[in-house]
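Listing of final.cif, mmCIF, C-alpha atoms
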```
data_start
loop_
_atom_site.label_atom_id
_atom_site.label_comp_id
_atom_site.auth_asym_id
_atom_site.auth_seq_id
_atom_site.Cartn_x
_atom_site.Cartn_y
_atom_site.Cartn_z
CA MET A 275 -127.91 -2.72 -3.41
CA ASN A 276 -127.06 0.92 -3.34
CA ASN A 277 -129.79 2.78 -5.16
CA ASN A 278 -127.75 6.03 -5.11
CA LEU A 279 -125.25 4.74 -7.66
CA VAL A 280 -125.93 6.07 -11.10
CA LYS A 281 -124.56 4.29 -14.03
CA LYS A 282 -123.20 6.52 -16.76
CA SER A 283 -123.71 5.74 -20.29
CA LYS A 284 -120.82 5.18 -22.69
CA LYS A 285 -121.68 8.43 -24.43
CA GLU A 286 -121.35 10.41 -21.22
CA ASP A 287 -117.92 8.84 -20.54
CA GLU A 288 -116.68 9.86 -23.97
CA GLU A 289 -117.89 13.44 -23.47
CA TYR A 290 -116.10 13.58 -20.14
CA ASP A 291 -112.83 12.34 -21.66
CA GLU A 292 -113.06 14.96 -24.41
CA GLU A 293 -113.42 17.72 -21.84
CA GLU A 294 -110.33 16.49 -20.00
CA ASP A 295 -108.40 16.40 -23.28
CA ILE A 296 -109.45 19.95 -24.09
CA GLU A 297 -108.30 21.11 -20.64
CA LEU A 298 -104.96 19.35 -21.10
CA ASP A 299 -104.56 20.85 -24.57
CA ASP A 300 -105.26 24.30 -23.22
CA ASP A 301 -102.61 23.81 -20.54
CA ASP A 302 -100.02 22.64 -23.11
CA SER A 303 -100.82 25.52 -25.47
CA SER A 304 -100.48 28.05 -22.69
CA SER A 305 -97.15 26.60 -21.65
CA SER A 306 -95.95 26.61 -25.25
CA ARG A 307 -97.00 30.22 -25.72
CA LYS A 308 -95.14 31.21 -22.57
CA LYS A 309 -92.02 29.44 -23.76
CA SER A 310 -92.31 30.95 -27.26
CA GLY A 311 -92.82 34.40 -25.83
CA GLY A 312 -89.63 34.03 -23.77
CA ASP A 313 -87.64 32.96 -26.80
CA ASP A 314 -88.93 35.94 -28.79
CA MET A 315 -87.95 38.29 -26.01
CA LYS A 316 -84.43 36.85 -25.93
CA LYS A 317 -84.14 37.22 -29.69
CA ARG A 318 -85.24 40.83 -29.49
CA MET A 319 -82.73 41.51 -26.72
CA PHE A 320 -79.89 39.91 -28.69
CA LEU A 321 -80.91 41.84 -31.80
CA LEU A 322 -80.99 45.11 -29.86
CA MET A 323 -77.59 44.41 -28.35
CA GLY A 324 -76.21 43.61 -31.84
CA VAL A 325 -77.56 46.88 -33.22
CA ILE A 326 -76.02 48.83 -30.33
CA VAL A 327 -72.63 47.12 -30.66
CA GLY A 328 -72.65 47.49 -34.46
CA GLY A 329 -73.52 51.16 -34.14
CA LEU A 330 -70.65 51.73 -31.73
CA VAL A 331 -68.21 49.97 -34.06
CA LEU A 332 -69.46 52.00 -37.03
CA LEU A 333 -69.12 55.21 -35.03
CA LEU A 334 -65.54 54.33 -34.09
CA ILE A 335 -64.70 53.61 -37.74
CA ILE A 336 -66.20 56.95 -38.83
CA LEU A 337 -64.26 58.80 -36.15
CA TRP A 338 -61.04 57.03 -37.17
CA ILE A 339 -61.53 57.89 -40.84
CA ALA A 340 -62.34 61.49 -39.94
CA SER A 341 -59.19 61.67 -37.83
CA LEU A 342 -57.11 60.72 -40.88
CA PHE A 343 -58.27 63.87 -42.60
CA THR A 344 -58.55 66.26 -39.71
CA SER A 345 -55.47 65.44 -37.67
CA LYS A 346 -52.99 63.98 -40.18
CA ASN A 347 -49.54 65.52 -39.82
CA TYR A 348 -48.54 66.08 -43.46
CA GLU A 349 -44.90 66.02 -44.50
CA TYR A 350 -43.75 69.33 -45.94
CA ASP A 351 -43.31 67.94 -49.43
CA ASP A 352 -46.86 66.54 -49.21
CA ILE A 353 -48.08 70.06 -48.47
CA GLU A 354 -46.20 71.30 -51.54
CA THR A 355 -48.04 68.69 -53.59
CA VAL A 356 -51.36 69.90 -52.14
CA MET A 357 -50.45 73.47 -53.12
CA LYS A 358 -49.45 72.45 -56.64
CA ASP A 359 -52.62 70.39 -57.18
CA ALA A 360 -54.71 73.27 -55.85
CA ALA A 361 -53.09 75.67 -58.32
CA VAL A 362 -53.63 73.25 -61.22
CA SER A 363 -57.31 73.01 -60.28
CA TYR A 364 -57.59 76.79 -59.89
CA PHE A 365 -56.14 77.55 -63.33
CA ALA A 366 -58.28 74.83 -64.88
CA ASP A 367 -61.23 76.95 -63.76
CA TYR A 368 -59.57 80.22 -64.86
CA PRO A 369 -57.38 79.38 -67.88
CA ASP A 370 -57.28 83.01 -69.00
CA TYR A 371 -55.09 83.76 -65.98
CA LEU A 372 -52.33 81.41 -67.16
CA PRO A 373 -49.14 82.94 -68.63
CA GLN A 374 -49.60 83.52 -72.32
CA ASN A 375 -46.04 83.64 -73.70
CA ASP A 376 -43.03 81.35 -73.43
CA GLY A 377 -41.08 82.29 -70.31
CA ASP A 378 -43.90 84.32 -68.72
CA ILE A 379 -44.64 83.67 -65.03
CA VAL A 380 -47.76 84.21 -62.93
CA GLU A 381 -48.04 83.63 -59.20
CA ILE A 382 -50.89 82.79 -56.87
CA ASP A 383 -50.64 82.59 -53.09
CA VAL A 384 -52.20 80.08 -50.72
CA VAL A 385 -54.62 82.67 -49.34
CA ASN A 386 -56.33 82.93 -52.73
CA LEU A 387 -56.30 79.17 -53.23
CA VAL A 388 -58.02 78.74 -49.86
CA ALA A 389 -60.56 81.45 -50.70
CA ALA A 390 -61.30 79.65 -53.98
CA GLY A 391 -62.01 76.44 -52.09
CA LYS A 392 -59.07 74.58 -53.65
CA MET A 393 -57.31 73.70 -50.39
CA LYS A 394 -57.45 74.22 -46.63
CA ASP A 395 -55.41 76.74 -44.69
CA LEU A 396 -51.80 75.62 -44.26
CA SER A 397 -52.23 75.41 -40.48
CA GLU A 398 -54.65 72.50 -40.92
CA TYR A 399 -52.10 70.21 -42.54
CA ARG A 400 -49.80 69.90 -39.55
CA ASN A 401 -50.28 69.42 -35.81
CA ASP A 402 -47.09 71.05 -34.58
CA GLY A 403 -48.27 74.66 -34.78
CA VAL A 404 -45.53 75.68 -37.23
CA ALA A 405 -46.55 78.82 -39.12
CA CYS A 406 -46.11 78.54 -42.91
CA ALA A 407 -46.75 80.69 -45.94
CA GLY A 408 -46.83 79.63 -49.56
CA THR A 409 -47.17 80.63 -53.18
CA VAL A 410 -47.28 78.74 -56.47
CA GLN A 411 -45.49 80.05 -59.54
CA VAL A 412 -46.67 79.01 -62.98
CA GLU A 413 -44.27 79.42 -65.88
CA ARG A 414 -45.03 78.74 -69.51
CA THR A 415 -42.36 76.66 -71.26
CA GLY A 416 -43.34 76.03 -74.86
CA ASP A 417 -46.73 74.32 -74.81
CA GLU A 418 -46.35 73.16 -71.22
CA TYR A 419 -46.79 74.86 -67.84
CA LEU A 420 -44.38 74.43 -64.94
CA TYR A 421 -46.10 74.63 -61.54
CA VAL A 422 -43.63 75.39 -58.74
CA PRO A 423 -44.87 75.51 -55.12
CA TYR A 424 -42.84 77.62 -52.71
CA LEU A 425 -43.42 76.73 -49.07
CA ASN A 426 -41.78 78.78 -46.33
CA CYS A 427 -42.03 77.49 -42.75
CA GLY A 428 -39.15 79.50 -41.33
CA ASP A 429 -36.34 77.51 -39.74
CA ASN A 430 -38.39 74.32 -39.96
CA TYR A 431 -38.60 74.05 -43.75
CA TYR A 432 -38.40 75.99 -46.98
CA THR A 433 -38.56 74.92 -50.63
CA VAL A 434 -35.14 74.47 -52.25
CA GLU A 435 -34.32 74.87 -55.95
CA LEU A 436 -32.21 72.12 -57.48
CA TYR A 437 -29.34 74.42 -58.41
CA ASN A 438 -29.03 75.67 -54.83
CA LYS A 439 -29.01 72.11 -53.55
CA ILE A 440 -26.25 71.17 -55.99
CA VAL A 441 -24.10 74.11 -54.88
CA ASP A 442 -24.74 73.32 -51.20
CA ASP A 443 -23.73 69.68 -51.70
CA ASN A 444 -20.62 70.50 -53.74
CA PRO A 445 -18.47 73.25 -52.20
CA ILE A 446 -16.56 75.17 -54.84
CA THR A 447 -13.06 73.78 -55.29
CA SER A 448 -9.88 74.76 -57.16
CA SER A 449 -8.30 71.30 -57.28
CA GLY A 450 -9.38 67.70 -57.65
CA ASP A 451 -12.77 66.36 -58.68
CA GLY A 452 -15.72 68.63 -58.02
CA LEU A 453 -17.50 71.87 -58.82
CA TYR A 454 -15.45 74.80 -60.14
CA SER A 455 -16.32 78.47 -60.52
CA ASN A 456 -15.68 79.77 -64.04
CA ASN A 457 -16.88 83.13 -65.40
CA ASN A 458 -19.94 83.29 -63.13
CA HIS A 459 -20.80 79.66 -63.94
CA TYR A 460 -20.34 76.53 -61.84
CA VAL A 461 -18.78 73.67 -63.81
CA PHE A 462 -18.20 70.03 -62.89
CA ARG A 463 -14.70 68.76 -63.63
CA GLY A 464 -12.87 65.52 -62.99
CA GLU A 465 -13.61 61.83 -63.17
CA ASN A 466 -15.53 61.04 -59.98
CA VAL A 467 -18.18 63.69 -59.49
CA ASN A 468 -21.66 63.37 -57.99
CA ASN A 469 -23.62 65.01 -60.78
CA TYR A 470 -26.34 62.52 -61.77
CA VAL A 471 -29.93 63.72 -62.24
CA LYS A 472 -32.91 61.40 -62.80
CA LEU A 473 -35.82 62.86 -64.73
CA ASP A 474 -39.06 61.00 -65.44
CA LYS A 475 -37.77 59.19 -68.50
CA SER A 476 -33.98 59.17 -68.42
CA LEU A 477 -30.70 59.66 -66.55
CA TRP A 478 -28.57 62.78 -67.04
CA ARG A 479 -25.34 64.36 -65.80
CA ILE A 480 -24.85 67.97 -64.77
CA VAL A 481 -22.34 69.84 -66.94
CA LYS A 482 -22.66 73.26 -65.35
CA ILE A 483 -24.94 75.77 -63.68
CA ASN A 484 -25.35 79.09 -65.46
CA SER A 485 -25.34 82.42 -63.69
CA ASP A 486 -29.15 82.54 -64.03
CA GLY A 487 -29.50 79.23 -62.15
CA ASN A 488 -30.38 77.13 -65.19
CA VAL A 489 -28.79 73.68 -64.95
CA ILE A 490 -27.18 72.27 -68.11
CA LEU A 491 -27.59 68.49 -68.40
CA ILE A 492 -26.17 65.96 -70.85
CA HIS A 493 -27.75 62.55 -71.40
CA ALA A 494 -25.78 60.09 -69.30
CA ASN A 495 -25.55 57.19 -71.76
CA GLY A 496 -26.57 58.51 -75.16
CA LEU A 497 -29.56 57.44 -77.22
CA ASP A 498 -29.93 53.88 -78.45
CA TYR A 499 -29.42 54.46 -82.17
CA TYR A 500 -26.42 55.85 -84.05
CA GLN A 501 -27.12 58.85 -86.26
CA PRO A 502 -25.24 60.86 -88.89
CA TRP A 503 -24.49 64.47 -87.98
CA ASP A 504 -25.45 65.33 -91.57
CA ASN A 505 -25.59 63.40 -94.85
CA ARG A 506 -26.32 65.98 -97.51
CA TYR A 507 -24.37 66.23 -100.75
CA ASN A 508 -21.13 68.10 -100.24
CA GLU A 509 -19.77 70.03 -103.23
CA GLU A 510 -16.26 69.94 -101.85
CA ARG A 511 -16.30 66.12 -101.52
CA LEU A 512 -18.57 65.50 -104.52
CA TYR A 513 -20.72 63.00 -102.64
CA GLU A 514 -23.05 62.80 -99.62
CA ALA A 515 -20.34 63.42 -97.05
CA GLY A 516 -22.54 65.94 -95.19
CA ILE A 517 -22.30 69.67 -94.56
CA ASN A 518 -21.07 70.82 -91.14
CA THR A 519 -23.41 73.80 -90.72
CA TYR A 520 -25.52 72.96 -87.68
CA ASN A 521 -28.45 75.24 -88.42
CA VAL A 522 -29.31 73.24 -91.57
CA SER A 523 -28.04 69.86 -90.38
CA ARG A 524 -29.78 66.52 -90.08
CA MET A 525 -28.74 66.53 -86.42
CA LYS A 526 -30.79 69.65 -85.70
CA ASP A 527 -33.78 68.05 -87.44
CA TYR A 528 -33.29 64.83 -85.46
CA LEU A 529 -33.20 66.59 -82.09
CA GLU A 530 -36.29 68.61 -82.95
CA LYS A 531 -38.07 65.37 -83.89
CA ILE A 532 -37.15 63.80 -80.57
CA TYR A 533 -38.61 66.75 -78.70
CA SER A 534 -41.74 67.22 -80.78
CA HIS A 535 -42.53 63.70 -81.95
CA PRO A 536 -40.86 61.16 -79.66
CA VAL A 537 -40.91 57.55 -80.84
CA GLU A 538 -40.96 55.40 -77.74
CA ASP A 539 -40.42 52.14 -79.62
CA ASP A 540 -37.19 53.53 -81.07
CA GLY A 541 -35.78 54.36 -77.67
CA GLU A 542 -36.04 58.08 -78.39
CA LYS A 543 -38.62 59.07 -75.80
CA ILE A 544 -36.29 60.75 -73.33
CA LEU A 545 -38.62 63.49 -72.05
CA SER A 546 -42.06 63.16 -70.50
CA ASN A 547 -44.49 66.06 -70.68
CA LYS A 548 -43.48 66.94 -67.13
CA ASP A 549 -39.84 66.93 -68.21
CA LYS A 550 -40.65 69.23 -71.12
CA ALA A 551 -42.24 71.67 -68.69
CA ARG A 552 -39.00 71.65 -66.68
CA ILE A 553 -36.67 72.71 -69.49
CA VAL A 554 -36.19 76.12 -71.06
CA THR A 555 -35.12 77.24 -74.50
CA HIS A 556 -31.49 78.18 -74.85
CA THR A 557 -28.92 79.50 -77.31
CA LEU A 558 -26.58 76.98 -78.92
CA CYS A 559 -23.01 77.96 -79.74
CA VAL A 560 -22.36 76.29 -83.10
CA GLY A 561 -19.23 78.01 -84.40
CA GLY A 562 -16.34 75.93 -85.71
CA ARG A 563 -12.67 75.65 -84.71
CA THR A 564 -9.58 73.70 -85.64
CA ILE A 565 -8.29 70.63 -83.87
CA ASP A 566 -5.20 72.52 -82.62
CA SER A 567 -7.11 75.43 -81.07
CA GLU A 568 -6.48 75.68 -77.30
CA SER A 569 -9.66 77.58 -76.42
CA LYS A 570 -11.74 76.04 -73.61
CA ASN A 571 -14.25 78.83 -72.94
CA ASN A 572 -16.61 78.62 -75.95
CA SER A 573 -15.17 81.87 -77.33
CA GLU A 574 -14.79 80.35 -80.79
CA GLU A 575 -17.95 78.22 -80.68
CA CYS A 576 -20.11 81.18 -79.68
CA LYS A 577 -19.14 83.24 -82.72
CA GLN A 578 -22.11 81.54 -84.36
CA LYS A 579 -25.35 80.86 -82.52
CA VAL A 580 -28.75 79.29 -82.98
CA GLN A 581 -31.48 80.75 -80.78
CA ASN A 582 -34.46 79.25 -78.94
CA GLN A 583 -33.51 75.58 -78.98
CA ARG A 584 -34.90 72.90 -76.65
CA LEU A 585 -32.27 70.23 -77.28
CA GLY A 586 -28.67 70.55 -78.38
CA LEU A 587 -25.24 68.89 -78.13
CA LEU A 588 -22.11 69.60 -76.11
CA THR A 589 -19.43 71.94 -77.49
CA LEU A 590 -15.80 70.89 -77.86
CA SER A 591 -14.74 73.49 -75.27
CA GLU A 592 -17.10 71.99 -72.69
CA TYR A 593 -15.66 68.53 -73.24
CA LEU A 594 -12.06 69.71 -72.95
CA TYR A 595 -12.69 71.81 -69.84
CA ALA A 596 -14.17 68.83 -67.97
CA SER A 597 -10.74 67.12 -67.97
CA LEU A 598 -8.40 67.78 -65.03
CA ASP A 599 -5.29 66.63 -66.89
CA SER A 600 -2.88 69.59 -66.97
CA THR A 601 -1.53 68.50 -70.35
CA CYS A 602 -4.95 68.69 -72.01
CA LYS A 603 -4.44 71.70 -74.26
CA SER A 604 -6.52 71.08 -77.38
CA ALA A 605 -8.61 68.48 -79.17
CA ALA A 606 -5.39 67.07 -80.57
CA THR A 607 -4.20 66.20 -77.05
CA LYS A 608 -5.07 62.62 -76.22
CA SER A 609 -4.67 63.23 -72.49
CA CYS A 610 -7.99 65.13 -72.47
CA LEU A 611 -9.64 61.77 -71.90
CA ASN A 612 -7.97 61.58 -68.48
CA TYR A 613 -9.89 62.54 -65.31
CA ASN A 614 -12.96 63.35 -67.38
CA TYR A 615 -16.43 62.13 -66.33
CA LEU A 616 -17.79 62.74 -69.85
CA VAL A 617 -15.87 59.78 -71.28
CA MET A 618 -18.08 56.75 -71.87
CA ASP A 619 -17.64 53.39 -73.55
CA ASP A 620 -18.99 54.53 -76.91
CA GLU A 621 -18.46 57.23 -79.53
CA TRP A 622 -20.68 60.30 -79.64
CA TRP A 623 -21.12 63.56 -81.51
CA LEU A 624 -20.17 67.06 -80.36
CA ILE A 625 -21.93 70.07 -81.88
CA THR A 626 -18.70 71.78 -83.01
CA PRO A 627 -17.67 71.71 -86.70
CA ASP A 628 -14.06 71.32 -87.81
CA ASN A 629 -13.20 74.54 -89.64
CA SER A 630 -10.57 72.87 -91.79
CA THR A 631 -13.29 71.50 -94.11
CA THR A 632 -16.99 71.89 -94.85
CA SER A 633 -17.75 68.23 -94.15
CA THR A 634 -16.13 67.28 -90.84
CA VAL A 635 -17.34 67.57 -87.26
CA PHE A 636 -15.72 66.76 -83.92
CA LYS A 637 -16.77 63.69 -82.00
CA VAL A 638 -15.53 61.76 -78.96
CA GLU A 639 -14.21 58.30 -79.74
CA ARG A 640 -14.92 55.21 -77.66
CA SER A 641 -11.51 55.70 -76.03
CA GLY A 642 -12.33 59.28 -75.04
CA ILE A 643 -9.99 60.82 -77.61
CA VAL A 644 -11.44 63.66 -79.70
CA ALA A 645 -11.42 63.12 -83.47
CA SER A 646 -12.54 64.97 -86.58
CA ALA A 647 -14.93 62.82 -88.63
CA LEU A 648 -17.08 63.12 -91.72
CA ALA A 649 -20.53 64.42 -90.82
CA SER A 650 -22.05 61.47 -92.67
CA ASN A 651 -20.50 59.00 -90.22
CA TYR A 652 -22.73 57.38 -87.61
CA SER A 653 -22.21 57.96 -83.87
CA LYS A 654 -24.30 58.12 -80.73
CA VAL A 655 -26.26 61.23 -79.80
CA ARG A 656 -26.08 62.68 -76.28
CA PRO A 657 -28.71 65.44 -76.09
CA VAL A 658 -28.12 68.49 -73.92
CA ILE A 659 -30.96 70.34 -72.16
CA TYR A 660 -31.25 73.37 -69.89
CA LEU A 661 -33.21 72.67 -66.73
CA ASN A 662 -35.25 75.63 -65.48
CA SER A 663 -33.75 77.41 -62.47
CA HIS A 664 -37.15 77.17 -60.73
CA VAL A 665 -37.16 73.37 -60.73
CA MET A 666 -37.37 72.13 -57.15
CA TYR A 667 -35.13 69.57 -55.50
CA ALA A 668 -36.93 66.43 -54.27
CA SER A 669 -34.31 63.89 -53.14
CA GLY A 670 -30.92 62.31 -53.81
CA ASN A 671 -27.29 63.34 -53.48
CA GLY A 672 -26.09 63.19 -57.08
CA THR A 673 -24.51 59.74 -56.96
CA LEU A 674 -25.34 57.05 -59.49
CA GLU A 675 -27.07 55.08 -56.72
CA LYS A 676 -29.01 58.12 -55.49
CA PRO A 677 -29.24 60.65 -58.33
CA TYR A 678 -30.84 64.02 -57.76
CA LYS A 679 -34.58 63.92 -58.36
CA VAL A 680 -36.82 66.90 -58.98
CA LYS A 681 -40.42 67.80 -58.25
#
```
Is it possible to give me this structure as structure tokens?
Amino acid sequence: MNNNLVKKSKKEDEEYDEEEDIELDDDDSSSSRKKSGGDDMKKRMFLLMGVIVGGLVLLLIILWIASLFTSKNYEYDDIETVMKDAAVSYFADYPDYLPQNDGDIVEIDVVNLVAAGKMKDLSEYRNDGVACAGTVQVERTGDEYLYVPYLNCGDNYYTVELYNKIVDDNPITSSGDGLYSNNNHYVFRGENVNNYVKLDKSLWRIVKINSDGNVILIHANGLDYYQPWDNRYNEERLYEAGINTYNVSRMKDYLEKIYSHPVEDDGEKILSNKDKARIVTHTLCVGGRTIDSESKNNSEECKQKVQNQRLGLLTLSEYLYASLDSTCKSAATKSCLNYNYLVMDDEWWLITPDNSTTSTVFKVERSGIVASALASNYSKVRPVIYLNSHVMYASGNGTLEKPYKVK
């Protein structure tokens, strides 16, 4: 028997096993902590890389957006819009500088608009190094203001008025359809002429260009509703046949209502506020004549006038002169409907009274023949307006498909 062997008690064995378990647990915990620490480090690295990549992407987006504003190569008409908007903002701050009376004009140049902080220097809107100068004219027309930007970039670009564009597109002719010179005016004659103009609210046709550059337009299709020229009691007829004096006529009242109080639901809203700013007051020739008179130059019509009108109607002379038929001599000549762009598939009023009575006025029949009719009859109305000579050309070539448009 080996006396050196020592027998351990059960309690000692249990204590020994617990110590081994503690050592094993410590080893597992240490290993777990090492593994967890590695995972945390990886997460931090991925997070850092995400922040760096996201920051770079954000920086690129910021630089791209900044480049849109700092290096954009504006079109010239876009620059004109910038100038106009800058002037509108400037005069909103200084309304006392606006023109005070109808027809008055004030002007501000780009240098002052830049100094006022309303726009950048013109050189910053293009990348091609083209030197430009600019001004904005502001004209009062009734209760509206017409803002006209003039941009001059030498041979590269300059602002063009509508009337100059029309003359450039339509060389003056002495035969066939086209633009004719007549007493310092330019007049469209013939059947197939490129004289359409699209305003904000409606389509028009160019009748003529005055010596001052104002463009006379007539409504292309006429308004939707038929109207009497006048329907007052007539002493000569002894009933409400109408009186053919324009200055006190229902027609004058009706046109003034259209301008001042347009009724959109009735199809009478033909001018936006922008359109109103583009037109100028004018003198209407409202004198009468007989159906056999051969005058075509408004000499008879202009013996009587009504001043400062916004809307009017066409004279008989202007209708007759538009025809290229050589046999068109007077309103009694049916051939005046030939080769005449003013003919349309409906009847419409002229402004000219028939001097043979106090109750009749000239109108154009559906066929294009001129007739004398009672003022109380109902026909379409084709308003006439005078477009300001300062109105700028925007696009188009005067055709029905591509009418002239203005800025």
Quiz item: Which residues, written as a PyMOL selection string, have at least one atom at most 10 Å from Ser573 (chain A), with only C-alpha atoms counted and residues fewer than 2 positions away on the same chain left out?
Solution: chain A and resi 559+561+563+569-571+575-578+591
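Nearest to Ile532 (chain A) of all the residues A:Ala494, A:Val655, A:Ala515, A:Leu624 is A:Val655, based on all atoms listed in the file.
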Quiz prompt | Residue nearest Asp498 (chain A) among A:Ile544, A:Met618, A:Leu473, A:Cys602 (counting all atoms listed in the file) | solution =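 When distances to Asp498 (chain A) are compared using all atoms listed in the file, the smallest one comes from A:Ile544.
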Practice problem: For the file shown, report as a list in words the outcome of the PyMOL selection byres ((chain A and resi 421) around 10) at residue level. | Solution: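 With the shown file as input, the PyMOL selection byres ((chain A and resi 421) around 10) matches Met357, Lys358, Asp359, Ala361, Val362, Ile379, Val380, Glu381, Val410, Gln411, Val412, Glu413, Arg414, Glu418, Tyr419, Leu420, Val422, Pro423, Tyr424, Lys548, Ala551, Arg552, His664, Val665 and Lys681 of chain A.
Take the PyMOL selection byres ((chain A and resi 638) around 10) and apply it to this file: it picks Leu590, Tyr593, Ala605, Leu611, Leu616, Val617, Met618, Asp620, Glu621, Trp622, Trp623, Leu624, Phe636, Lys637, Glu639, Arg640, Ser641, Gly642, Ile643, Val644, Ala645, Ser646, Ala647, Ser653 and Lys654 of chain A.
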Practice problem: Please tell me which residues are no farther than 9 Å from (-21.8, 82.6, -63.2) in the file, counting all atoms listed in the file, and write them as a PyMOL selection string. | Solution: chain A and resi 455-460+483-487
Self-check item: the PyMOL selection byres ((chain A and resi 598) around 6) applied to the shown file, residues as a PyMOL selection string
Solution: chain A and resi 464+597+599+613
Written file, previous selection with C-alpha atoms, as a PDB file, in the coordinates of the input:
```pdb
ATOM      1  CA  GLY A 464     -12.870  65.520 -62.990  1.00  0.00           C
ATOM      2  CA  SER A 597     -10.740  67.120 -67.970  1.00  0.00           C
ATOM      3  CA  ASP A 599      -5.290  66.630 -66.890  1.00  0.00           C
ATOM      4  CA  TYR A 613      -9.890  62.540 -65.310  1.00  0.00           C
TER       5      TYR A 613
END
```
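Computed from the coordinates, the CA of Ala606 (chain A) to CA of Asn495 (chain A) distance equals 24.1 Å.
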Quiz prompt | Nearest to Gly408 (chain A) by atom-to-atom distance, counting all atoms listed in the file, from A:Tyr595, A:Tyr368, A:Tyr350, A:Tyr507 | solution =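 Closest to Gly408 (chain A), using all atoms listed in the file: A:Tyr350.
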Self-check item: Asn671 (chain A) environment, 10 Å, only C-alpha atoms, sequence neighbours closer than 5 positions dropped, as a list in words
Solution: Lys439, Ile440, Asp443, Asn444, Asn468, Asn469, Tyr470, Val471, Lys676, Pro677, Tyr678 and Lys679 of chain A
Quiz item: Separation of CA of Gly450 (chain A) and CA of Gly670 (chain A), in Å?
Solution: 22.5 Å
Exercise. Rank nothing, just name the residue among A:Leu661, A:Ile446, A:Glu509, A:Ala407 nearest to Tyr432 (chain A), using only C-alpha atoms.
Key: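 Among the listed residues, the smallest separation from Tyr432 (chain A) belongs to A:Ala407.
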Self-check item: Coordinates-based distance that separates CA of Ile490 (chain A) from CA of Thr557 (chain A) (Å, one decimal)
Solution: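 If I compute the distance from CA of Thr557 (chain A) to CA of Ile490 (chain A), I get 11.8 Å.
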Quiz item: Could you pull the residues within 9 Å of Ile353 (chain A), counting only C-alpha atoms, minus those fewer than 4 positions along the same chain, as a list of chain:residue names?
Solution: A:Tyr348, A:Glu349, A:Met357, A:Lys358, A:Leu396, A:Tyr399, A:Leu425
